[in-house]
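Coordinates as given in data_24.cif (mmCIF, C-alpha atoms and all ligand atoms):
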data_protein
loop_
_atom_site.label_atom_id
_atom_site.label_comp_id
_atom_site.auth_asym_id
_atom_site.auth_seq_id
_atom_site.Cartn_x
_atom_site.Cartn_y
_atom_site.Cartn_z
CA ARG J 1 0.00 0.00 0.00
CA ALA J 2 1.18 3.51 -0.80
CA TYR J 3 2.22 5.91 1.93
CA ASN J 4 -0.85 8.04 1.20
CA PHE J 5 -0.77 11.64 2.47
CA ASN J 6 -3.38 12.97 0.02
CA ALA J 7 -5.40 15.93 1.30
CA GLY J 8 -8.64 14.56 -0.07
CA PRO J 9 -9.96 12.25 -1.21
CA SER J 10 -7.56 10.44 1.03
CA ALA J 11 -6.60 7.11 2.56
CA LEU J 12 -9.29 4.64 3.60
CA PRO J 13 -8.71 1.85 6.12
CA LEU J 14 -7.37 -1.24 4.36
CA GLU J 15 -9.76 -3.47 6.34
CA VAL J 16 -12.74 -1.49 5.02
CA LEU J 17 -11.56 -1.73 1.42
CA GLN J 18 -11.05 -5.47 1.81
CA LYS J 19 -14.50 -5.96 3.29
CA ALA J 20 -16.06 -3.91 0.48
CA GLN J 21 -14.13 -5.97 -2.03
CA ALA J 22 -15.36 -9.23 -0.50
CA GLU J 23 -18.96 -7.98 -0.57
CA LEU J 24 -18.75 -6.24 -3.92
CA VAL J 25 -20.68 -8.67 -6.11
CA ASP J 26 -22.85 -10.28 -3.45
CA PHE J 27 -23.87 -8.12 -0.52
CA LYS J 28 -25.06 -10.32 2.36
CA GLY J 29 -26.57 -12.99 0.14
CA THR J 30 -28.66 -10.58 -1.95
CA GLY J 31 -26.91 -11.70 -5.12
CA MET J 32 -26.21 -8.04 -5.83
CA SER J 33 -23.73 -5.35 -5.00
CA VAL J 34 -24.82 -2.62 -2.57
CA MET J 35 -24.71 -0.36 -5.64
CA GLU J 36 -27.39 -2.48 -7.29
CA LEU J 37 -29.84 -2.49 -4.37
CA SER J 38 -32.89 -0.28 -4.54
CA HIS J 39 -32.50 2.60 -2.13
CA ARG J 40 -36.04 1.72 -0.98
CA SER J 41 -35.14 -1.90 -0.17
CA ALA J 42 -34.98 -3.20 3.39
CA ALA J 43 -31.36 -4.27 2.82
CA PHE J 44 -30.26 -0.75 1.89
CA GLU J 45 -32.37 0.90 4.56
CA GLU J 46 -30.53 -1.16 7.13
CA VAL J 47 -27.16 0.02 5.77
CA HIS J 48 -28.38 3.61 5.80
CA ASN J 49 -29.88 3.56 9.29
CA GLU J 50 -26.90 1.72 10.74
CA ALA J 51 -24.53 4.36 9.38
CA ILE J 52 -26.63 7.07 11.04
CA ALA J 53 -26.79 5.15 14.32
CA ARG J 54 -23.02 4.59 14.31
CA LEU J 55 -22.34 8.26 13.70
CA ARG J 56 -24.71 9.23 16.52
CA LYS J 57 -23.02 6.85 18.92
CA LEU J 58 -19.40 7.65 18.05
CA TYR J 59 -19.86 11.42 18.14
CA GLU J 60 -22.36 11.30 21.03
CA ILE J 61 -24.87 13.31 19.04
CA PRO J 62 -27.76 14.48 21.26
CA GLU J 63 -31.35 13.49 20.46
CA ASN J 64 -32.33 17.00 19.39
CA TYR J 65 -30.05 16.82 16.34
CA GLU J 66 -30.71 15.26 12.94
CA VAL J 67 -28.04 13.45 10.96
CA LEU J 68 -28.36 13.98 7.20
CA PHE J 69 -26.47 12.51 4.26
CA LEU J 70 -26.52 15.00 1.41
CA GLN J 71 -24.72 15.49 -1.91
CA GLY J 72 -22.90 18.42 -3.49
CA GLY J 73 -19.91 18.31 -1.14
CA ALA J 74 -19.08 20.75 1.62
CA SER J 75 -19.02 23.41 -1.12
CA LEU J 76 -22.80 23.21 -1.59
CA GLN J 77 -23.18 23.75 2.15
CA PHE J 78 -21.47 27.13 1.70
CA SER J 79 -24.60 28.13 -0.30
CA MET J 80 -27.25 26.05 1.46
CA ILE J 81 -26.47 27.55 4.87
CA PRO J 82 -27.19 31.18 3.93
CA MET J 83 -30.01 30.10 1.61
CA ASN J 84 -31.76 28.41 4.54
CA PHE J 85 -30.75 30.58 7.48
CA LEU J 86 -29.99 34.10 6.23
CA LYS J 87 -32.55 36.66 5.14
CA GLU J 88 -31.79 39.51 2.77
CA ASP J 89 -31.77 42.12 5.53
CA GLN J 90 -29.77 39.97 7.96
CA LYS J 91 -26.11 39.67 8.89
CA ALA J 92 -24.10 36.52 9.62
CA SER J 93 -20.66 36.47 11.26
CA TYR J 94 -17.88 34.59 9.51
CA ILE J 95 -14.52 33.78 11.05
CA GLN J 96 -11.99 33.70 8.27
CA THR J 97 -9.18 31.22 8.77
CA GLY J 98 -8.43 30.09 5.24
CA ALA J 99 -9.49 29.64 1.64
CA TRP J 100 -12.53 27.51 2.47
CA SER J 101 -13.82 30.10 4.94
CA GLU J 102 -13.41 32.73 2.23
CA LYS J 103 -15.51 30.66 -0.15
CA ALA J 104 -18.23 30.23 2.48
CA PHE J 105 -18.25 34.00 3.09
CA LYS J 106 -18.58 34.75 -0.61
CA GLU J 107 -21.65 32.54 -1.01
CA ALA J 108 -23.34 34.18 1.97
CA SER J 109 -23.08 37.57 0.30
CA LEU J 110 -25.50 36.31 -2.39
CA PHE J 111 -28.25 35.97 0.23
CA GLY J 112 -27.61 38.52 2.97
CA THR J 113 -24.74 40.38 4.61
CA PRO J 114 -21.83 38.33 5.89
CA VAL J 115 -19.52 40.23 8.26
CA LEU J 116 -16.04 39.25 9.41
CA ALA J 117 -15.86 38.38 13.10
CA ALA J 118 -12.09 37.79 12.84
CA SER J 119 -9.56 36.94 10.17
CA SER J 120 -5.97 35.73 10.06
CA LYS J 121 -5.64 36.50 6.35
CA GLU J 122 -2.99 39.20 6.88
CA ASN J 123 -0.81 36.54 8.42
CA ASN J 124 -1.32 34.22 5.43
CA TYR J 125 -3.57 32.16 7.71
CA LYS J 126 -0.74 30.93 9.91
CA ASN J 127 -2.90 30.97 13.01
CA ILE J 128 -6.39 30.66 14.42
CA PRO J 129 -7.50 34.02 15.89
CA ALA J 130 -7.44 34.22 19.70
CA LEU J 131 -10.91 33.75 21.18
CA SER J 132 -10.58 37.23 22.73
CA ASP J 133 -10.10 38.78 19.26
CA ILE J 134 -13.35 37.42 17.84
CA GLN J 135 -16.06 40.03 17.54
CA ILE J 136 -19.41 38.56 16.83
CA ASP J 137 -22.07 40.91 15.55
CA LYS J 138 -24.91 40.53 18.05
CA GLU J 139 -27.50 40.61 15.28
CA SER J 140 -25.99 37.73 13.36
CA ALA J 141 -28.32 35.01 12.15
CA TYR J 142 -25.44 32.59 12.81
CA VAL J 143 -21.67 32.36 13.19
CA HIS J 144 -19.64 30.27 10.75
CA LEU J 145 -16.15 28.86 11.22
CA THR J 146 -13.87 26.23 9.65
CA SER J 147 -12.62 23.90 12.39
CA ASN J 148 -9.57 22.70 10.47
CA ASN J 149 -7.92 24.56 7.61
CA THR J 150 -6.86 21.88 5.20
CA ILE J 151 -4.72 24.12 3.03
CA PHE J 152 -2.91 26.11 5.73
CA GLY J 153 -2.64 23.36 8.36
CA THR J 154 -4.30 25.11 11.29
CA GLN J 155 -6.96 23.77 13.64
CA TRP J 156 -9.14 25.22 16.37
CA LYS J 157 -8.28 23.87 19.85
CA ALA J 158 -11.22 25.54 21.63
CA PHE J 159 -14.32 27.03 20.07
CA PRO J 160 -15.96 30.39 20.76
CA ASN J 161 -19.06 30.55 22.89
CA THR J 162 -21.64 32.26 20.70
CA GLY J 163 -24.46 32.21 23.27
CA ASP J 164 -27.86 32.16 21.61
CA ILE J 165 -26.43 32.73 18.14
CA PRO J 166 -26.19 29.39 16.29
CA LEU J 167 -22.61 28.28 15.67
CA ILE J 168 -22.06 26.44 12.39
CA ALA J 169 -18.81 24.62 11.67
CA ASP J 170 -17.29 23.26 8.50
CA MET J 171 -15.51 20.19 9.90
CA SER J 172 -14.67 18.67 6.53
CA SER J 173 -11.08 17.96 7.41
CA ASP J 174 -11.25 17.02 11.08
CA ILE J 175 -14.68 15.52 11.70
CA LEU J 176 -14.45 12.49 14.01
CA SER J 177 -10.71 12.93 14.46
CA LYS J 178 -11.24 13.75 18.14
CA LYS J 179 -14.01 14.19 20.68
CA VAL J 180 -16.11 17.30 20.22
CA ASP J 181 -19.04 18.53 22.26
CA VAL J 182 -21.64 18.53 19.50
CA SER J 183 -24.04 20.54 21.64
CA ASN J 184 -21.77 23.62 21.26
CA PHE J 185 -22.81 23.74 17.62
CA ALA J 186 -26.13 24.33 15.92
CA MET J 187 -24.78 22.60 12.84
CA ILE J 188 -21.69 20.66 11.79
CA TYR J 189 -21.03 19.65 8.20
CA ALA J 190 -18.32 17.79 6.35
CA GLY J 191 -17.58 16.23 3.00
CA ALA J 192 -16.93 12.56 3.80
CA GLN J 193 -13.84 12.15 1.67
CA LYS J 194 -11.16 12.87 4.26
CA ASN J 195 -12.03 11.15 7.53
CA LEU J 196 -15.24 9.28 6.79
CA GLY J 197 -15.30 7.55 3.44
CA PRO J 198 -15.29 8.18 -0.29
CA SER J 199 -16.33 11.49 -1.85
CA GLY J 200 -19.99 11.91 -2.77
CA VAL J 201 -21.55 12.00 0.71
CA THR J 202 -21.80 15.15 2.80
CA VAL J 203 -22.59 14.68 6.46
CA VAL J 204 -24.78 17.30 8.12
CA ILE J 205 -25.50 17.24 11.86
CA ILE J 206 -28.14 19.85 12.56
CA ARG J 207 -30.13 20.93 15.63
CA LYS J 208 -33.84 20.46 15.06
CA ASP J 209 -34.87 23.97 16.10
CA LEU J 210 -32.63 25.41 13.38
CA LEU J 211 -34.55 23.39 10.80
CA GLU J 212 -37.78 24.91 11.98
CA SER J 213 -36.51 28.48 11.63
CA ALA J 214 -35.28 28.03 8.03
CA ASN J 215 -36.42 30.10 5.04
CA SER J 216 -39.18 28.37 3.11
CA ASN J 217 -39.08 29.99 -0.35
CA ILE J 218 -36.12 28.00 -1.63
CA PRO J 219 -35.76 24.98 -3.93
CA THR J 220 -36.95 21.70 -2.45
CA MET J 221 -33.64 19.88 -2.83
CA LEU J 222 -31.77 22.72 -1.11
CA LYS J 223 -33.97 22.77 1.99
CA TYR J 224 -32.58 20.90 4.95
CA SER J 225 -36.11 20.10 6.08
CA THR J 226 -36.79 18.14 2.86
CA HIS J 227 -33.98 15.79 3.77
CA SER J 228 -34.78 15.59 7.47
CA LYS J 229 -38.43 14.76 6.78
CA ASN J 230 -37.35 11.97 4.45
CA ASN J 231 -34.46 10.50 6.46
CA SER J 232 -32.12 11.66 3.63
CA LEU J 233 -34.03 9.44 1.18
CA TYR J 234 -36.04 12.13 -0.61
CA ASN J 235 -34.24 11.23 -3.83
CA THR J 236 -31.67 8.57 -4.69
CA PRO J 237 -28.80 8.91 -2.24
CA PRO J 238 -25.16 7.96 -2.97
CA THR J 239 -25.80 4.42 -1.76
CA PHE J 240 -22.30 3.00 -2.15
CA GLY J 241 -20.76 6.03 -0.42
CA ILE J 242 -23.17 5.67 2.51
CA TYR J 243 -22.32 1.96 2.78
CA MET J 244 -18.60 2.82 2.82
CA LEU J 245 -19.15 5.55 5.38
CA GLY J 246 -20.95 3.06 7.62
CA GLU J 247 -18.05 0.62 7.27
CA VAL J 248 -15.50 3.33 8.12
CA LEU J 249 -17.51 4.19 11.24
CA LYS J 250 -17.62 0.50 12.17
CA TRP J 251 -13.85 0.37 11.72
CA MET J 252 -13.53 3.34 14.07
CA GLU J 253 -15.64 1.51 16.67
CA ASP J 254 -13.46 -1.58 16.26
CA GLN J 255 -10.33 0.52 16.82
CA GLY J 256 -11.69 1.50 20.23
CA GLY J 257 -13.68 4.61 19.34
CA LEU J 258 -12.83 8.28 19.25
CA GLU J 259 -10.50 8.29 22.24
CA VAL J 260 -8.18 5.79 20.60
CA ILE J 261 -8.43 7.56 17.23
CA GLU J 262 -7.63 10.89 18.87
CA GLN J 263 -4.58 9.52 20.71
CA ARG J 264 -3.37 7.91 17.53
CA ASN J 265 -3.79 11.15 15.58
CA GLU J 266 -1.73 13.00 18.21
CA GLU J 267 1.00 10.39 18.02
CA LYS J 268 1.05 10.47 14.20
CA ALA J 269 1.29 14.25 13.94
CA LYS J 270 3.94 14.38 16.65
CA TYR J 271 6.31 12.18 14.62
CA ILE J 272 6.23 14.70 11.79
CA TYR J 273 6.21 17.88 13.88
CA ASP J 274 9.17 16.48 15.86
CA ALA J 275 11.12 16.02 12.63
CA ILE J 276 10.42 19.69 11.85
CA ASP J 277 11.12 21.03 15.35
CA ASN J 278 14.33 19.05 15.83
CA SER J 279 15.73 20.05 12.43
CA ASN J 280 17.35 23.30 13.56
CA GLY J 281 15.57 25.27 10.87
CA PHE J 282 16.24 22.84 8.00
CA TYR J 283 12.44 22.38 7.95
CA PHE J 284 9.97 24.94 9.24
CA GLY J 285 6.23 24.77 9.75
CA HIS J 286 3.69 27.13 8.15
CA ALA J 287 1.31 27.22 11.13
CA THR J 288 2.17 28.81 14.45
CA GLU J 289 2.72 26.19 17.14
CA GLU J 290 -0.50 26.88 19.08
CA SER J 291 -2.61 26.57 15.93
CA ARG J 292 -1.03 23.46 14.43
CA SER J 293 -3.37 20.96 12.84
CA LEU J 294 -3.15 17.27 13.68
CA MET J 295 -4.69 16.50 10.30
CA ASN J 296 -2.73 18.60 7.79
CA ILE J 297 0.91 19.23 8.59
CA THR J 298 2.20 22.07 6.41
CA PHE J 299 5.93 22.69 6.22
CA ARG J 300 8.74 23.99 4.07
CA VAL J 301 12.32 22.97 3.47
CA ALA J 302 14.21 26.20 4.17
CA ASP J 303 16.35 25.88 1.03
CA GLU J 304 14.08 26.09 -2.02
CA GLU J 305 16.26 23.93 -4.24
CA LEU J 306 16.43 21.28 -1.55
CA GLU J 307 12.67 21.47 -1.22
CA LYS J 308 12.26 20.38 -4.83
CA LYS J 309 14.75 17.58 -4.24
CA PHE J 310 12.91 16.58 -1.05
CA LEU J 311 9.59 16.29 -2.85
CA ALA J 312 11.11 14.39 -5.76
CA GLU J 313 12.93 11.91 -3.52
CA ALA J 314 9.90 11.49 -1.26
CA LYS J 315 7.83 10.61 -4.32
CA GLU J 316 10.48 8.17 -5.43
CA ALA J 317 10.43 6.58 -1.96
CA GLY J 318 6.68 5.95 -2.27
CA PHE J 319 5.20 8.91 -0.40
CA VAL J 320 2.10 10.21 -2.16
CA GLY J 321 0.41 13.62 -1.92
CA LEU J 322 3.15 15.58 -0.12
CA ASN J 323 3.08 18.65 -2.36
CA GLY J 324 1.64 21.64 -0.53
CA HIS J 325 -1.40 23.45 -1.90
CA ARG J 326 -0.43 26.05 -4.50
CA SER J 327 -1.43 28.96 -2.23
CA VAL J 328 1.05 27.94 0.49
CA GLY J 329 3.62 25.99 -1.50
CA GLY J 330 6.09 23.62 0.10
CA CYS J 331 4.90 20.39 1.63
CA ARG J 332 1.80 19.11 3.31
CA ALA J 333 1.27 15.75 4.97
CA SER J 334 -2.39 14.95 5.54
CA ALA J 335 -2.60 12.40 8.33
CA TYR J 336 -6.34 11.70 8.51
CA ASN J 337 -7.84 8.92 10.65
CA ALA J 338 -7.11 6.11 8.20
CA VAL J 339 -3.43 6.98 7.71
CA PRO J 340 -1.55 4.35 9.73
CA VAL J 341 0.94 5.31 12.46
CA GLU J 342 3.65 3.48 10.48
CA THR J 343 3.10 5.77 7.49
CA CYS J 344 3.75 8.87 9.63
CA LEU J 345 6.72 7.24 11.31
CA ALA J 346 8.15 6.37 7.89
CA LEU J 347 7.81 10.00 6.75
CA SER J 348 9.41 11.29 9.91
CA GLU J 349 12.37 8.92 9.42
CA PHE J 350 12.62 9.91 5.78
CA MET J 351 12.73 13.60 6.76
CA VAL J 352 15.51 13.03 9.31
CA LYS J 353 17.54 10.98 6.82
CA PHE J 354 17.05 13.54 4.05
CA GLN J 355 18.33 16.26 6.34
CA GLN J 356 21.37 14.21 7.34
CA ASP J 357 22.18 13.51 3.69
CA ASN J 358 21.70 17.08 2.45
CA GLN J 359 22.86 19.41 5.16
N1 LIG V 401 -14.09 22.73 3.49
C1 LIG V 401 -12.89 22.24 3.80
C2 LIG V 401 -12.29 22.55 5.14
C3 LIG V 401 -12.20 21.45 2.88
O1 LIG V 401 -11.00 20.95 3.17
C4 LIG V 401 -12.79 21.17 1.62
C5 LIG V 401 -12.13 20.35 0.61
O2 LIG V 401 -10.97 20.07 0.65
C6 LIG V 401 -14.04 21.73 1.34
C7 LIG V 401 -14.67 22.49 2.30
C8 LIG V 401 -14.73 21.50 0.02
O3 LIG V 401 -15.27 20.25 0.07
P1 LIG V 401 -15.98 19.56 -1.18
O4 LIG V 401 -14.91 19.24 -2.14
O5 LIG V 401 -16.62 18.35 -0.55
O6 LIG V 401 -16.98 20.51 -1.71
#
Would you kindly transcribe this structure into structure tokens?
Amino acid sequence: RAYNFNAGPSALPLEVLQKAQAELVDFKGTGMSVMELSHRSAAFEEVHNEAIARLRKLYEIPENYEVLFLQGGASLQFSMIPMNFLKEDQKASYIQTGAWSEKAFKEASLFGTPVLAASSKENNYKNIPALSDIQIDKESAYVHLTSNNTIFGTQWKAFPNTGDIPLIADMSSDILSKKVDVSNFAMIYAGAQKNLGPSGVTVVIIRKDLLESANSNIPTMLKYSTHSKNNSLYNTPPTFGIYMLGEVLKWMEDQGGLEVIEQRNEEKAKYIYDAIDNSNGFYFGHATEESRSLMNITFRVADEELEKKFLAEAKEAGFVGLNGHRSVGGCRASAYNAVPVETCLALSEFMVKFQQDNQ
């Protein structure tokens, strides 16, 4: 298996892929693949409802929240959120911590007035703003933030308390990577393709009262309530993606649940950050230390020529997906849940060796 550090879609657990392979042409004696089952059949409904139940249990989602499986990626959520929850004469507070937050802000301006509650743009998004620097407009319909900034490699460690104003988080790149108190949020959303499964499924966890307050004069498919009323089966869902998502969640349970996953993610990231921190400036990180992401580790090789050599030799050695995003440059190792500890250890050892050989 490749040492897969892709930012997304990214690594899936080998055990899940093998199980899917074994069940591919005959799912549980149906004589069909999951992809060939009717989405109205009892066999698929069980897959669907089990995936929801597993997500509820692992993330300890309170009863007053709905779990939805939608399509259109996290990017469609950037539009659906203001379409449902923002009125033309209303403001919404956005905390800008990267390119994805910027995109979310831009969509909101089509429906109402987004305002910046804080931004680390001037700093090329090296850090998450201090909680004390966040200024939430009291009249905001909601507050939006990005919990983990995939491109810049920063991650929130503690979230702002927004009181009665609903807090909405794009958790695309760190959902289920650690324990989170879901009740702090009115809504959490994430494209599945980093921590939860293949692309094509978008997970939405939404408090029921928010659903009730939504705008009604919008297209049926873009209303959250359409999907909540129909258990996400209003139209044909991405059945294979939902099956895979359920299997990834089962794998997480088998690993020992979120506590074990969280510890493992800390251990994995530490191997790579240690190689950076112990390099005496040969490597340096993009994110400030307090804001470092455990999911996306962004770093540079101080010497630009050596950086090219590093990336070329890493590729040769079997490491995949280490090129940084074009807006940051350099290197990025995405160590999502399914990336094994050994893969991160191997990269850390490769980094130390490369430094020794090239200093
Ligand atoms: N939000 C974050 C934090 C992301 O990392 C990404 C994709 O990388 C997106 C949103 C966009 O997700 P999608 O491709 O599912 O629309």
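From CA of Gln193 (chain J) back to CA of Ser172 (chain J), the distance works out to 8.2 Å.
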Set up a box along x, y and z of the file covering all listed atoms of ligand LIG 401 (chain V), add 6 Å on every one of the six sides, and write the centre and edge lengths in Å to one decimal, as JSON.
{"center_x": -14.0, "center_y": 20.5, "center_z": 1.5, "size_x": 18.0, "size_y": 16.4, "size_z": 19.3}
Proximity to ligand LIG 401 (chain V) - best of J:Trp156, J:Tyr3, J:Tyr271, J:Phe299, all atoms listed in the file: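 Selected residue with least distance to ligand LIG 401 (chain V): J:Trp156.
When all atoms listed in the file are used to compute distances to ligand LIG 401 (chain V), the closest of the residues J:Ala42, J:Ala7, J:Ala74, J:Met221 turns out to be J:Ala74.
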Answer as a PyMOL selection string, residues within 12 Å of (-0.1, 13.2, 17.3) using all atoms listed in the file: chain J and resi 177-178+260-274+292-297+335-337+339-341+344-345
Between J:Arg1, J:Lys19, J:Lys250, J:Lys103, which has the minimum distance to ligand LIG 401 (chain V) (counting all atoms listed in the file)? J:Lys103
Excluding same-chain residues fewer than 4 positions from Leu233 (chain J), what lies within 12 Å of it counting all atoms listed in the file, as a list in words? Ser38, His39, Arg40, Ser41, Phe44, Glu45, His48, Asn49, Leu68, Phe69, Leu70, Gln71, Met221, Ser225, Thr226, His227, Ser228, Lys229, Pro237, Pro238, Thr239 and Ile242 of chain J
Here is a test: counting all atoms listed in the file, which residue of J:Lys308, J:Lys91, J:Lys194, J:Lys121 is nearest to ligand LIG 401 (chain V)?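 Answer, going by the shortest atom-to-atom distance: J:Lys194.
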Kindly provide, as number ranges by chain, all nucleotide and amino acid residues lying within 9 Å of ligand LIG 401 (chain V), counting all atoms listed in the file. J: 7-9, 71-78, 98-101, 103-104, 146-151, 170-174, 189-194, 199-202
Shell of 10 Å around Gly257 (chain J), only C-alpha atoms, local chain residues under 6 positions omitted, as an MDAnalysis selection string: chainID J and resid 57:59 176 178:179 249:251
Since we have the selection now, will you write its residues out, keeping C-alpha atoms, as a short mmCIF file (atom, residue, chain, number, x, y, z; two decimals), in the frame of the given file?
data_model
loop_
_atom_site.label_atom_id
_atom_site.label_comp_id
_atom_site.auth_asym_id
_atom_site.auth_seq_id
_atom_site.Cartn_x
_atom_site.Cartn_y
_atom_site.Cartn_z
CA LYS J 57 -23.02 6.85 18.92
CA LEU J 58 -19.40 7.65 18.05
CA TYR J 59 -19.86 11.42 18.14
CA LEU J 176 -14.45 12.49 14.01
CA LYS J 178 -11.24 13.75 18.14
CA LYS J 179 -14.01 14.19 20.68
CA LEU J 249 -17.51 4.19 11.24
CA LYS J 250 -17.62 0.50 12.17
CA TRP J 251 -13.85 0.37 11.72
#
Which residue out of J:Leu322, J:Ala43, J:Ile218, J:Ala169 has the minimum interatomic distance to Val204 (chain J) when all atoms listed in the file are used? J:Ala169
Residues proximal to (0.3, 25.3, -0.6) were defined as those with any atom within 10 Å of that point in the file's coordinates, counting all atoms listed in the file. Which are they, as a ChimeraX atom specification? /J:150-153,286,298-300,323-332
Any idea what the distance is between CA of Val34 (chain J) and CA of Tyr243 (chain J)?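 Computing the Euclidean distance for CA of Val34 (chain J) and CA of Tyr243 (chain J) yields 7.5 Å.
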The residue from J:Glu212, J:Glu316, J:Glu305, J:Glu139 with the smallest atom-to-atom distance to Ser93 (chain J), counting only C-alpha atoms, is J:Glu139
